[in-house]
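Dumped final-v3.cif below, it's mmCIF, C-alpha atoms and all ligand atoms:
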```
data_input
#
loop_
_atom_site.label_atom_id
_atom_site.label_comp_id
_atom_site.auth_asym_id
_atom_site.auth_seq_id
_atom_site.Cartn_x
_atom_site.Cartn_y
_atom_site.Cartn_z
CA MET A 1 23.15 -6.26 -7.97
CA GLN A 2 22.30 -9.96 -8.21
CA MET A 3 21.29 -10.97 -11.72
CA SER A 4 20.22 -14.57 -11.18
CA LYS A 5 16.67 -13.97 -12.33
CA THR A 6 16.13 -12.62 -15.82
CA VAL A 7 13.24 -12.40 -18.23
CA ALA A 8 13.54 -13.13 -21.93
CA LEU A 9 12.57 -10.19 -24.15
CA GLY A 10 10.36 -11.53 -26.89
CA ARG A 11 12.33 -13.53 -29.42
CA THR A 12 15.24 -11.09 -29.44
CA GLY A 13 17.63 -13.45 -27.67
CA ARG A 14 18.06 -10.88 -24.90
CA SER A 15 17.21 -11.38 -21.25
CA LEU A 16 16.62 -8.54 -18.85
CA PHE A 17 16.52 -7.76 -15.14
CA PRO A 18 13.03 -8.83 -14.04
CA VAL A 19 11.72 -5.41 -13.00
CA GLY A 20 11.75 -2.26 -15.14
CA LEU A 21 11.08 1.40 -14.40
CA GLY A 22 8.07 3.38 -15.62
CA CYS A 23 8.74 7.11 -15.84
CA MET A 24 5.23 8.46 -16.52
CA SER A 25 4.49 9.85 -13.05
CA MET A 26 7.62 12.02 -13.27
CA SER A 27 5.84 14.22 -15.83
CA ASP A 28 2.11 13.65 -15.79
CA PHE A 29 -1.18 12.50 -14.33
CA TYR A 30 -0.52 12.00 -10.61
CA ASP A 31 0.25 15.55 -9.46
CA ARG A 32 0.58 19.16 -10.58
CA PRO A 33 3.56 20.40 -12.60
CA GLU A 34 4.64 22.68 -9.72
CA ASP A 35 4.92 19.65 -7.41
CA ARG A 36 7.46 17.86 -9.60
CA ASP A 37 11.13 17.48 -8.76
CA GLU A 38 13.09 17.04 -11.98
CA GLN A 39 16.43 16.47 -10.23
CA GLU A 40 15.01 13.64 -8.14
CA SER A 41 13.38 12.14 -11.22
CA ILE A 42 16.66 12.12 -13.14
CA ALA A 43 18.48 10.75 -10.09
CA THR A 44 15.86 7.98 -9.92
CA ILE A 45 16.40 6.97 -13.56
CA VAL A 46 20.18 7.06 -13.19
CA GLU A 47 20.08 5.01 -10.01
CA ALA A 48 17.78 2.49 -11.70
CA LEU A 49 20.28 2.08 -14.54
CA ASP A 50 23.20 1.84 -12.10
CA ALA A 51 21.32 -0.80 -10.14
CA GLY A 52 20.96 -2.98 -13.22
CA ILE A 53 17.41 -2.19 -14.34
CA GLN A 54 17.34 -2.78 -18.08
CA LEU A 55 13.87 -1.68 -19.21
CA ILE A 56 13.00 2.02 -18.99
CA ASP A 57 9.53 3.04 -20.12
CA THR A 58 8.24 6.38 -21.38
CA ALA A 59 5.83 7.69 -24.06
CA ASP A 60 5.57 10.76 -26.25
CA VAL A 61 2.35 11.89 -24.56
CA TYR A 62 3.70 11.80 -20.99
CA GLY A 63 3.97 15.49 -20.22
CA ASN A 64 3.70 16.09 -23.98
CA GLY A 65 7.38 15.42 -24.61
CA HIS A 66 8.60 16.39 -21.12
CA ASN A 67 9.03 12.79 -20.03
CA GLU A 68 11.02 11.75 -23.08
CA MET A 69 13.29 14.79 -22.60
CA LEU A 70 13.79 13.87 -18.95
CA VAL A 71 14.66 10.30 -19.87
CA GLY A 72 17.01 11.58 -22.59
CA LYS A 73 18.81 13.79 -20.05
CA ALA A 74 19.14 10.94 -17.55
CA PHE A 75 20.49 8.57 -20.19
CA ARG A 76 23.07 11.10 -21.34
CA GLN A 77 24.22 11.65 -17.76
CA TRP A 78 24.45 7.91 -17.17
CA ARG A 79 26.32 7.24 -20.42
CA GLU A 80 28.79 10.06 -19.70
CA ALA A 81 29.50 8.41 -16.35
CA GLY A 82 30.36 5.16 -18.15
CA GLY A 83 26.96 3.41 -18.42
CA ASP A 84 26.75 0.77 -21.13
CA ARG A 85 23.87 1.86 -23.34
CA ASP A 86 23.73 -1.48 -25.16
CA ASP A 87 22.74 -3.13 -21.91
CA VAL A 88 19.43 -1.29 -21.63
CA ILE A 89 16.13 -1.30 -23.49
CA LEU A 90 14.66 2.19 -23.81
CA ALA A 91 10.98 1.95 -24.66
CA THR A 92 8.65 4.69 -25.82
CA LYS A 93 5.22 4.84 -27.43
CA PHE A 94 3.22 6.72 -30.05
CA GLY A 95 -0.33 6.72 -31.35
CA ASN A 96 -2.15 8.77 -28.70
CA VAL A 97 -2.33 12.33 -29.96
CA ARG A 98 -2.38 15.56 -27.91
CA ASP A 99 -2.30 19.17 -29.02
CA GLY A 100 0.23 21.71 -27.76
CA ASP A 101 -1.95 22.44 -24.71
CA GLY A 102 -2.14 18.80 -23.79
CA ASN A 103 -5.73 18.23 -24.93
CA TRP A 104 -6.39 14.70 -26.16
CA LEU A 105 -7.14 14.51 -29.89
CA GLY A 106 -7.64 10.77 -30.31
CA ARG A 107 -5.45 8.12 -31.88
CA ASN A 108 -3.38 7.94 -35.04
CA GLY A 109 -1.78 4.70 -36.19
CA THR A 110 -1.05 5.59 -39.80
CA PRO A 111 2.46 4.82 -41.11
CA GLU A 112 2.95 8.54 -41.84
CA TYR A 113 2.16 9.42 -38.24
CA ALA A 114 4.42 6.62 -36.97
CA GLN A 115 7.28 8.12 -38.97
CA PHE A 116 6.57 11.64 -37.72
CA ALA A 117 6.15 10.61 -34.09
CA CYS A 118 9.26 8.43 -34.12
CA GLU A 119 11.44 11.23 -35.45
CA ARG A 120 10.02 13.65 -32.88
CA SER A 121 10.64 11.16 -30.06
CA LEU A 122 14.22 10.66 -31.20
CA LYS A 123 14.70 14.42 -30.88
CA PHE A 124 13.06 14.54 -27.44
CA LEU A 125 15.13 11.56 -26.32
CA ASP A 126 18.27 13.43 -27.26
CA GLY A 127 19.17 11.00 -29.99
CA GLU A 128 18.82 7.88 -27.86
CA THR A 129 17.85 4.94 -30.05
CA ILE A 130 14.35 3.65 -29.49
CA ASP A 131 14.94 0.03 -28.58
CA LEU A 132 11.29 -0.86 -28.13
CA TYR A 133 8.63 1.21 -29.90
CA TYR A 134 5.04 0.59 -28.87
CA LEU A 135 1.80 1.55 -30.48
CA HIS A 136 0.24 3.13 -27.36
CA ARG A 137 -3.35 2.49 -28.39
CA VAL A 138 -4.74 0.77 -31.46
CA ASP A 139 -6.21 3.24 -33.95
CA ALA A 140 -9.59 1.78 -34.94
CA LYS A 141 -9.50 3.70 -38.24
CA THR A 142 -6.21 2.17 -39.40
CA PRO A 143 -5.89 -1.60 -39.93
CA ILE A 144 -3.25 -2.95 -37.56
CA GLU A 145 -1.40 -4.48 -40.53
CA GLU A 146 -0.84 -0.97 -41.91
CA THR A 147 0.31 0.42 -38.57
CA VAL A 148 2.75 -2.42 -37.97
CA GLY A 149 3.94 -2.17 -41.58
CA GLY A 150 4.81 1.47 -40.87
CA MET A 151 6.58 0.50 -37.64
CA ALA A 152 8.50 -2.21 -39.46
CA ARG A 153 9.82 0.46 -41.85
CA LEU A 154 11.21 2.32 -38.83
CA VAL A 155 13.08 -0.87 -37.94
CA GLU A 156 14.45 -1.06 -41.50
CA GLN A 157 15.56 2.58 -41.19
CA GLY A 158 17.45 1.75 -37.98
CA LYS A 159 15.37 4.17 -35.89
CA VAL A 160 13.73 1.44 -33.86
CA ARG A 161 14.97 -2.00 -32.76
CA TYR A 162 11.88 -3.89 -31.65
CA ILE A 163 8.12 -3.38 -31.90
CA GLY A 164 5.44 -3.62 -29.23
CA LEU A 165 1.74 -2.98 -28.78
CA SER A 166 -0.13 -1.63 -25.78
CA GLU A 167 -3.67 -2.58 -24.75
CA ALA A 168 -4.25 -4.54 -27.96
CA SER A 169 -6.75 -7.41 -28.12
CA ALA A 170 -5.53 -10.98 -28.58
CA ASP A 171 -6.80 -10.98 -32.17
CA THR A 172 -5.01 -7.73 -33.00
CA LEU A 173 -1.83 -9.11 -31.49
CA ARG A 174 -1.99 -12.18 -33.70
CA ARG A 175 -2.61 -10.11 -36.85
CA ALA A 176 0.18 -7.70 -35.94
CA ASN A 177 2.64 -10.49 -35.28
CA ALA A 178 1.95 -11.92 -38.74
CA VAL A 179 3.32 -8.69 -40.25
CA HIS A 180 6.40 -8.26 -38.04
CA PRO A 181 7.51 -10.01 -34.83
CA ILE A 182 5.92 -8.32 -31.84
CA THR A 183 8.41 -8.26 -28.98
CA ALA A 184 6.22 -7.06 -26.12
CA LEU A 185 2.64 -6.42 -25.16
CA GLN A 186 2.23 -3.70 -22.55
CA THR A 187 -1.10 -3.88 -20.80
CA GLU A 188 -2.36 -3.11 -17.32
CA TYR A 189 -2.01 -6.06 -14.97
CA SER A 190 -1.91 -6.37 -11.20
CA LEU A 191 -3.70 -7.99 -8.30
CA TRP A 192 -6.70 -5.76 -8.92
CA TYR A 193 -6.78 -6.13 -12.72
CA ARG A 194 -6.16 -9.69 -13.83
CA GLU A 195 -8.18 -9.79 -17.06
CA PRO A 196 -5.11 -10.42 -19.29
CA GLU A 197 -4.91 -13.91 -17.77
CA ARG A 198 -8.06 -14.84 -19.72
CA GLU A 199 -6.66 -14.53 -23.26
CA HIS A 200 -3.51 -12.46 -23.46
CA PHE A 201 -1.28 -14.73 -21.43
CA ALA A 202 -1.80 -17.68 -23.77
CA ILE A 203 -1.34 -15.70 -26.96
CA CYS A 204 1.82 -14.04 -25.65
CA ALA A 205 3.19 -17.42 -24.58
CA GLN A 206 2.37 -18.98 -27.95
CA LEU A 207 3.85 -16.17 -30.01
CA GLY A 208 6.89 -15.57 -27.82
CA ILE A 209 5.79 -12.07 -26.81
CA THR A 210 6.91 -10.71 -23.45
CA PHE A 211 4.03 -9.46 -21.35
CA VAL A 212 4.86 -6.10 -19.73
CA PRO A 213 2.38 -5.24 -16.96
CA TYR A 214 1.88 -1.51 -16.55
CA SER A 215 0.51 0.01 -13.36
CA PRO A 216 1.60 -3.16 -11.53
CA LEU A 217 1.04 -1.41 -8.19
CA GLY A 218 -2.53 -0.52 -9.14
CA ARG A 219 -1.36 3.06 -9.76
CA GLY A 220 -0.16 3.10 -6.16
CA PHE A 221 -3.40 1.77 -4.64
CA LEU A 222 -1.87 -1.63 -3.79
CA THR A 223 0.97 -0.04 -1.79
CA GLY A 224 -1.46 0.62 1.05
CA ASN A 225 -0.71 4.35 1.04
CA TYR A 226 -4.28 5.43 0.27
CA SER A 227 -7.23 4.89 2.56
CA LYS A 228 -9.82 7.24 1.01
CA PRO A 229 -10.36 8.97 -2.35
CA GLU A 230 -9.51 12.35 -0.77
CA ASP A 231 -5.95 11.08 -0.18
CA PHE A 232 -5.18 11.88 -3.82
CA ALA A 233 -3.78 15.37 -4.22
CA GLN A 234 -5.31 18.10 -6.33
CA GLY A 235 -4.42 17.61 -9.97
CA ASP A 236 -4.16 13.84 -9.59
CA SER A 237 -6.13 12.15 -12.38
CA ARG A 238 -6.54 8.78 -10.66
CA PRO A 239 -9.94 9.51 -9.07
CA SER A 240 -11.42 9.93 -12.59
CA ALA A 241 -11.59 6.13 -12.84
CA SER A 242 -14.53 4.59 -11.00
CA ARG A 243 -12.42 2.01 -9.17
CA PHE A 244 -11.03 4.92 -7.12
CA GLN A 245 -14.48 6.28 -6.28
CA GLY A 246 -16.99 5.92 -3.43
CA ASP A 247 -18.14 2.39 -2.63
CA ASN A 248 -15.74 0.87 -5.14
CA PHE A 249 -12.81 2.45 -3.32
CA ALA A 250 -14.05 1.14 0.03
CA TYR A 251 -14.56 -2.36 -1.38
CA ASN A 252 -11.19 -2.45 -3.16
CA LEU A 253 -9.50 -1.29 0.03
CA GLN A 254 -10.00 -4.82 1.42
CA LEU A 255 -7.35 -5.95 -1.06
CA ALA A 256 -4.89 -3.20 -0.14
CA GLU A 257 -5.38 -4.09 3.53
CA GLY A 258 -4.95 -7.82 2.83
CA ILE A 259 -1.70 -7.15 0.96
CA LYS A 260 -0.47 -5.03 3.86
CA THR A 261 -1.19 -7.81 6.35
CA LEU A 262 0.55 -10.52 4.34
CA ALA A 263 3.51 -8.24 3.58
CA ARG A 264 3.94 -7.59 7.30
CA GLN A 265 4.00 -11.36 7.94
CA LEU A 266 6.57 -11.88 5.19
CA GLY A 267 8.77 -8.97 6.26
CA CYS A 268 8.48 -7.12 2.97
CA THR A 269 6.59 -4.02 1.86
CA PRO A 270 3.15 -4.13 0.19
CA ALA A 271 4.70 -2.85 -3.06
CA GLN A 272 7.26 -5.66 -2.99
CA LEU A 273 4.54 -8.22 -2.38
CA ALA A 274 2.38 -6.90 -5.23
CA LEU A 275 5.37 -7.07 -7.62
CA ALA A 276 6.53 -10.48 -6.40
CA TRP A 277 3.02 -11.82 -7.06
CA ILE A 278 3.19 -10.55 -10.65
CA MET A 279 6.60 -12.08 -11.21
CA ALA A 280 5.30 -15.38 -9.83
CA GLN A 281 2.57 -15.41 -12.53
CA GLY A 282 5.11 -15.47 -15.35
CA ARG A 283 7.93 -17.64 -16.48
CA THR A 284 10.41 -15.39 -14.70
CA GLY A 285 12.80 -17.52 -12.72
CA GLU A 286 16.28 -18.73 -12.12
CA ASN A 287 16.29 -20.59 -15.42
CA SER A 288 13.95 -18.40 -17.43
CA GLU A 289 14.08 -19.80 -20.94
CA PRO A 290 13.49 -17.82 -24.07
CA ALA A 291 9.80 -17.43 -24.74
CA HIS A 292 8.06 -20.61 -25.75
CA ILE A 293 6.51 -20.91 -29.17
CA GLY A 294 4.09 -23.74 -29.61
CA ALA A 295 0.62 -24.83 -30.49
CA PRO A 296 -2.39 -23.09 -28.91
CA GLY A 297 -2.79 -24.27 -25.36
CA ASP A 298 0.80 -25.53 -25.25
CA ALA A 299 1.93 -22.82 -22.90
CA VAL A 300 -0.22 -20.45 -20.92
CA ARG A 301 2.35 -18.41 -19.05
CA PRO A 302 4.29 -15.77 -20.92
CA ASN A 303 7.48 -14.14 -19.79
CA ILE A 304 6.41 -11.22 -17.60
CA LEU A 305 8.40 -8.07 -16.85
CA PRO A 306 6.54 -5.44 -14.78
CA ILE A 307 7.38 -1.74 -15.00
CA PRO A 308 6.46 -0.14 -11.65
CA GLY A 309 6.38 3.63 -11.90
CA CYS A 310 8.08 5.87 -9.38
CA LYS A 311 9.72 9.24 -9.22
CA GLN A 312 11.74 8.90 -6.05
CA ARG A 313 14.75 6.77 -5.24
CA GLY A 314 13.27 5.38 -2.02
CA HIS A 315 10.42 3.77 -3.97
CA LEU A 316 12.84 2.57 -6.62
CA ARG A 317 14.98 0.75 -4.05
CA ASP A 318 11.89 -0.77 -2.53
CA ASN A 319 10.72 -2.03 -5.91
CA ILE A 320 14.10 -3.50 -6.79
CA GLY A 321 13.90 -5.36 -3.48
CA SER A 322 10.84 -7.24 -4.76
CA VAL A 323 13.12 -9.46 -6.84
CA ALA A 324 14.38 -11.08 -3.65
CA VAL A 325 10.88 -11.81 -2.29
CA GLU A 326 10.06 -15.50 -2.65
CA LEU A 327 6.39 -16.42 -2.33
CA SER A 328 5.35 -19.90 -1.21
CA GLN A 329 2.39 -21.76 -2.69
CA SER A 330 0.53 -20.91 0.49
CA ASN A 331 1.28 -17.17 0.09
CA LEU A 332 0.05 -17.34 -3.51
CA ALA A 333 -3.11 -19.14 -2.40
CA THR A 334 -3.77 -16.40 0.17
CA LEU A 335 -3.52 -13.73 -2.53
CA GLU A 336 -5.66 -15.80 -4.90
CA GLN A 337 -8.34 -15.93 -2.23
CA LEU A 338 -8.07 -12.21 -1.58
CA ALA A 339 -8.34 -11.17 -5.23
CA PRO A 340 -9.48 -13.83 -7.67
CA ILE A 341 -9.72 -12.72 -11.29
CA GLY A 342 -12.52 -10.17 -11.75
CA TRP A 343 -12.74 -9.40 -8.03
CA ALA A 344 -12.04 -5.66 -7.94
CA GLN A 345 -14.87 -3.18 -8.46
CA GLY A 346 -15.02 -0.23 -10.84
CA GLU A 347 -13.45 0.62 -14.18
CA ARG A 348 -9.77 1.44 -14.63
CA TYR A 349 -10.38 4.45 -16.91
CA ALA A 350 -13.12 7.03 -17.42
CA PRO A 351 -15.50 6.01 -20.29
CA GLN A 352 -13.48 7.59 -23.13
CA GLY A 353 -10.38 5.76 -21.93
CA MET A 354 -12.24 2.46 -21.65
CA ALA A 355 -13.38 2.82 -25.27
CA ALA A 356 -9.74 2.80 -26.40
CA VAL A 357 -8.53 -0.40 -24.72
CA ASN A 358 -8.50 -4.00 -25.91
CA LEU A 359 -9.10 -3.09 -29.57
N1 LIG A 401 0.70 1.65 -21.81
C1 LIG A 401 -0.10 2.39 -21.10
O1 LIG A 401 -1.20 2.77 -21.52
C2 LIG A 401 0.32 2.81 -19.72
C3 LIG A 401 -0.61 3.33 -18.81
C4 LIG A 401 -0.17 3.68 -17.54
C5 LIG A 401 1.16 3.48 -17.19
N2 LIG A 401 2.04 2.98 -18.09
C6 LIG A 401 3.47 2.75 -17.76
O2 LIG A 401 3.55 1.96 -16.58
C7 LIG A 401 4.34 2.61 -15.59
C8 LIG A 401 3.84 2.29 -14.20
O3 LIG A 401 2.45 2.57 -14.06
P1 LIG A 401 1.87 3.65 -13.05
O4 LIG A 401 2.88 4.62 -12.68
O5 LIG A 401 0.59 4.09 -13.64
O6 LIG A 401 1.40 2.80 -11.80
P2 LIG A 401 2.11 1.90 -10.68
O7 LIG A 401 3.46 1.52 -11.08
O8 LIG A 401 1.13 0.84 -10.40
O9 LIG A 401 2.11 2.90 -9.43
C9 LIG A 401 2.78 4.10 -9.41
C10 LIG A 401 2.46 4.81 -8.13
O10 LIG A 401 2.92 4.03 -7.03
C11 LIG A 401 3.86 4.78 -6.26
N3 LIG A 401 4.93 3.87 -5.85
C12 LIG A 401 5.85 3.28 -6.64
N4 LIG A 401 6.63 2.46 -5.94
C13 LIG A 401 6.22 2.54 -4.66
C14 LIG A 401 6.65 1.95 -3.46
N5 LIG A 401 7.66 1.07 -3.44
N6 LIG A 401 6.00 2.25 -2.31
C15 LIG A 401 4.97 3.13 -2.33
N7 LIG A 401 4.50 3.73 -3.44
C16 LIG A 401 5.14 3.44 -4.60
C17 LIG A 401 4.37 5.87 -7.16
O11 LIG A 401 4.77 6.97 -6.37
P3 LIG A 401 5.92 8.00 -6.80
O12 LIG A 401 5.70 8.30 -8.26
O13 LIG A 401 5.70 9.14 -5.90
O14 LIG A 401 7.25 7.34 -6.59
C18 LIG A 401 3.13 6.16 -8.01
O15 LIG A 401 2.25 7.01 -7.33
C19 LIG A 401 4.22 4.11 -15.97
O16 LIG A 401 5.29 4.85 -15.46
C20 LIG A 401 4.23 4.05 -17.46
O17 LIG A 401 5.55 3.96 -17.94
C21 LIG A 401 1.63 2.63 -19.35
#
```

Have the structure of the file written as structure tokens, please.
Amino acid sequence: MQMSKTVALGRTGRSLFPVGLGCMSMSDFYDRPEDRDEQESIATIVEALDAGIQLIDTADVYGNGHNEMLVGKAFRQWREAGGDRDDVILATKFGNVRDGDGNWLGRNGTPEYAQFACERSLKFLDGETIDLYYLHRVDAKTPIEETVGGMARLVEQGKVRYIGLSEASADTLRRANAVHPITALQTEYSLWYREPEREHFAICAQLGITFVPYSPLGRGFLTGNYSKPEDFAQGDSRPSASRFQGDNFAYNLQLAEGIKTLARQLGCTPAQLALAWIMAQGRTGENSEPAHIGAPGDAVRPNILPIPGCKQRGHLRDNIGSVAVELSQSNLATLEQLAPIGWAQGERYAPQGMAAVNL
């Protein structure tokens, strides 16, 4: 595995392989439990680690613990085969709350809940240290200073190495970082959702926070594998967001088609093109420096490390291949024309989900 390109992880002094692996779809949201293949999922995580991927992403709510257990199993298998655990950042999240049946109960960012959730995740993860612990969604009832104070105590206790936030507003990020260094911001970002460029990029660059785009393939839409809403299987939650519905779907399809066309010209896959575009937006590169800390406006591009999600090794290999895709200025201009910021139609979550982002 070539390691010439790396991305600095916050201000930790560590640099990682420029693409991570998101494990969510192995346990939740995009299919029915009976359609899942646990062996293939574990094989995918192990192959990712063997291939040099250094950021593995899960959360306590993915499959209500199932995903963390799966990741724990894969890590144990990989370590027993000689994998160097210190080389990898295992990230999980807390703060979204579900009951035992999987019903959503809201958000909890209190220090007491952080402590409880962290200890539960450590059990699910089979004792694997949590290298990067994210607040999954900001709890509007708990000041962010309190939440991050509670997370900082987990660092003091040695249960967590670094702290991150997910879907936090720029203001919240600044307040949080004043309490304890924030290592990463995980927020949706891709060719069909570019809003973070407006404010989050600059704040991450200024504060030395790595920007971790989730759903970098547009939840699969940008891979060109879907041509109508009915293509999503029964039990798939994606069509609950309006960008996957009716006229919005048809409109947004122009982007998926445009990506397909350019990918064909470049001899790569649409997924590789979508990921290469993201990497080209950040400071990722041959000589990626540690994150820049400066005055407002001094730097507008953060370090960016996308975490494409997949549950099969074929997709994993494809996504790793994106690191070798070089885009010219002309290729980037073509994509800019196809999908300028704000271009895509429809919301990315159903209304209750939209109410919980960017707080
Ligand atoms: N912080 C948050 O609130 C939040 C929210 C959502 C996601 N996330 C994180 O971000 C990760 C990625 O997001 P995501 O899974 O929602 O969306 P994504 O990475 O944009 O897309 C995943 C979908 O694309 C498919 N896919 C992956 N690679 C492919 C390839 N090379 N060719 C064709 N299809 C491919 C996957 O299929 P298969 O699964 O069948 O391989 C899956 O259906 C998640 O796993 C999770 O860790 C975080």

Expected selection as a PDB file with C-alpha atoms, keeping the file's coordinate frame for ligand LIG 401 (chain A) within 8 Å, only C-alpha atoms and all ligand atoms:
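And here is the file that came out, out22.pdb:
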```pdb
ATOM      1  CA  LEU A  21      11.080   1.400 -14.400  1.00  0.00           C
ATOM      2  CA  GLY A  22       8.070   3.380 -15.620  1.00  0.00           C
ATOM      3  CA  CYS A  23       8.740   7.110 -15.840  1.00  0.00           C
ATOM      4  CA  MET A  24       5.230   8.460 -16.520  1.00  0.00           C
ATOM      5  CA  SER A  25       4.490   9.850 -13.050  1.00  0.00           C
ATOM      6  CA  MET A  26       7.620  12.020 -13.270  1.00  0.00           C
ATOM      7  CA  TYR A  30      -0.520  12.000 -10.610  1.00  0.00           C
ATOM      8  CA  ILE A  56      13.000   2.020 -18.990  1.00  0.00           C
ATOM      9  CA  ASP A  57       9.530   3.040 -20.120  1.00  0.00           C
ATOM     10  CA  THR A  58       8.240   6.380 -21.380  1.00  0.00           C
ATOM     11  CA  ALA A  59       5.830   7.690 -24.060  1.00  0.00           C
ATOM     12  CA  LYS A  93       5.220   4.840 -27.430  1.00  0.00           C
ATOM     13  CA  HIS A 136       0.240   3.130 -27.360  1.00  0.00           C
ATOM     14  CA  ARG A 137      -3.350   2.490 -28.390  1.00  0.00           C
ATOM     15  CA  SER A 166      -0.130  -1.630 -25.780  1.00  0.00           C
ATOM     16  CA  GLU A 167      -3.670  -2.580 -24.750  1.00  0.00           C
ATOM     17  CA  GLN A 186       2.230  -3.700 -22.550  1.00  0.00           C
ATOM     18  CA  THR A 187      -1.100  -3.880 -20.800  1.00  0.00           C
ATOM     19  CA  GLU A 188      -2.360  -3.110 -17.320  1.00  0.00           C
ATOM     20  CA  SER A 190      -1.910  -6.370 -11.200  1.00  0.00           C
ATOM     21  CA  PRO A 213       2.380  -5.240 -16.960  1.00  0.00           C
ATOM     22  CA  TYR A 214       1.880  -1.510 -16.550  1.00  0.00           C
ATOM     23  CA  SER A 215       0.510   0.010 -13.360  1.00  0.00           C
ATOM     24  CA  PRO A 216       1.600  -3.160 -11.530  1.00  0.00           C
ATOM     25  CA  LEU A 217       1.040  -1.410  -8.190  1.00  0.00           C
ATOM     26  CA  GLY A 218      -2.530  -0.520  -9.140  1.00  0.00           C
ATOM     27  CA  ARG A 219      -1.360   3.060  -9.760  1.00  0.00           C
ATOM     28  CA  GLY A 220      -0.160   3.100  -6.160  1.00  0.00           C
ATOM     29  CA  PHE A 221      -3.400   1.770  -4.640  1.00  0.00           C
ATOM     30  CA  LEU A 222      -1.870  -1.630  -3.790  1.00  0.00           C
ATOM     31  CA  THR A 223       0.970  -0.040  -1.790  1.00  0.00           C
ATOM     32  CA  GLY A 224      -1.460   0.620   1.050  1.00  0.00           C
ATOM     33  CA  ASN A 225      -0.710   4.350   1.040  1.00  0.00           C
ATOM     34  CA  THR A 269       6.590  -4.020   1.860  1.00  0.00           C
ATOM     35  CA  PRO A 270       3.150  -4.130   0.190  1.00  0.00           C
ATOM     36  CA  ALA A 271       4.700  -2.850  -3.060  1.00  0.00           C
ATOM     37  CA  GLN A 272       7.260  -5.660  -2.990  1.00  0.00           C
ATOM     38  CA  ILE A 307       7.380  -1.740 -15.000  1.00  0.00           C
ATOM     39  CA  PRO A 308       6.460  -0.140 -11.650  1.00  0.00           C
ATOM     40  CA  GLY A 309       6.380   3.630 -11.900  1.00  0.00           C
ATOM     41  CA  CYS A 310       8.080   5.870  -9.380  1.00  0.00           C
ATOM     42  CA  LYS A 311       9.720   9.240  -9.220  1.00  0.00           C
ATOM     43  CA  GLN A 312      11.740   8.900  -6.050  1.00  0.00           C
ATOM     44  CA  ARG A 313      14.750   6.770  -5.240  1.00  0.00           C
ATOM     45  CA  GLY A 314      13.270   5.380  -2.020  1.00  0.00           C
ATOM     46  CA  HIS A 315      10.420   3.770  -3.970  1.00  0.00           C
ATOM     47  CA  LEU A 316      12.840   2.570  -6.620  1.00  0.00           C
ATOM     48  CA  ARG A 317      14.980   0.750  -4.050  1.00  0.00           C
ATOM     49  CA  ASP A 318      11.890  -0.770  -2.530  1.00  0.00           C
ATOM     50  CA  ASN A 319      10.720  -2.030  -5.910  1.00  0.00           C
TER      51      ASN A 319
END
```

When you draw a straight line from atom CA of A:Val325 to atom CA of A:Gly267, how long is it in Å?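 Rounded to one decimal, the two atoms are 9.3 Å apart.
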
Can you list every residue of stretch 220-303 of chain A that has an atom at most 12 Å from stretch 33-46 of chain A, with its nearest atom pair and the distance in Å to one decimal, using only C-alpha atoms, ordered by chain then number, as JSON lines?
```
{"residue": "A:Ala233", "atom": "CA", "partner": "A:Asp35", "partner_atom": "CA", "distance": 10.2}
{"residue": "A:Gln234", "atom": "CA", "partner": "A:Asp35", "partner_atom": "CA", "distance": 10.4}
{"residue": "A:Gly235", "atom": "CA", "partner": "A:Pro33", "partner_atom": "CA", "distance": 8.9}
{"residue": "A:Asp236", "atom": "CA", "partner": "A:Pro33", "partner_atom": "CA", "distance": 10.6}
```

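Taking only C-alpha atoms into account, A:Asp171 lies nearest to A:His200 out of the set A:His200, A:Lys123, A:Arg153, A:Lys159.
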
Atom CA of A:Leu49 and atom CA of A:Gly208, how far apart in Å? 25.8 Å

note - atom CA of A:Ile259 and atom CA of A:Thr334 are separated by 9.5 Å

Padding 4 Å on each side, edges along x, y and z: where is the centre of the box around the listed atoms of stretch 23-29 of chain A, and how long are its edges in Å to one decimal? Output it as lines of an AutoDock Vina configuration file.
```
center_x = 3.8
center_y = 10.7
center_z = -14.8
size_x = 17.9
size_y = 15.1
size_z = 11.5
```

Taking all atoms listed in the file into account, name the residue in A:Arg348, A:Arg161, A:Arg76, A:Arg14 that is nearest to A:Ala241. A:Arg348

Return the single residue from A:Lys141, A:Cys118, A:Gly20, A:Val61 that is closest to A:Leu90, with distances computed using all atoms listed in the file.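 Of A:Lys141, A:Cys118, A:Gly20, A:Val61, the one nearest A:Leu90, counting all atoms listed in the file, is A:Gly20.
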
Mind checking which residues fall within 7 Å of stretch 245-252 of chain A, counting all atoms listed in the file, ignoring those fewer than 2 positions away in the same chain, and posting them as an MDAnalysis selection string? chainID A and resid 229 239 242:243 254:255 344:346

Name the closest residue to A:Asn108 among the candidates A:Val88, A:Cys204, A:Ala81, A:Ala356; distances are taken between atoms, counting only C-alpha atoms.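 The closest residue to A:Asn108 is A:Ala356.
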
Excluding stretch 179-185 of chain A and any residue of its chain fewer than 6 positions from it, enumerate the residues within 6 Å of it, using all atoms listed in the file, and give them as a VMD selection string. chain A and resid 10 163 to 166 209 to 212

Taking all atoms listed in the file into account, which of A:Leu305, A:Thr6, A:Ala324, A:Phe29 comes nearest A:Phe232?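 Distance minimum relative to A:Phe232 lands on A:Phe29.
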
For A:Ala178, the nearest of the candidates A:Leu105, A:Leu125, A:Ile144, A:Leu359, counting only C-alpha atoms: A:Ile144
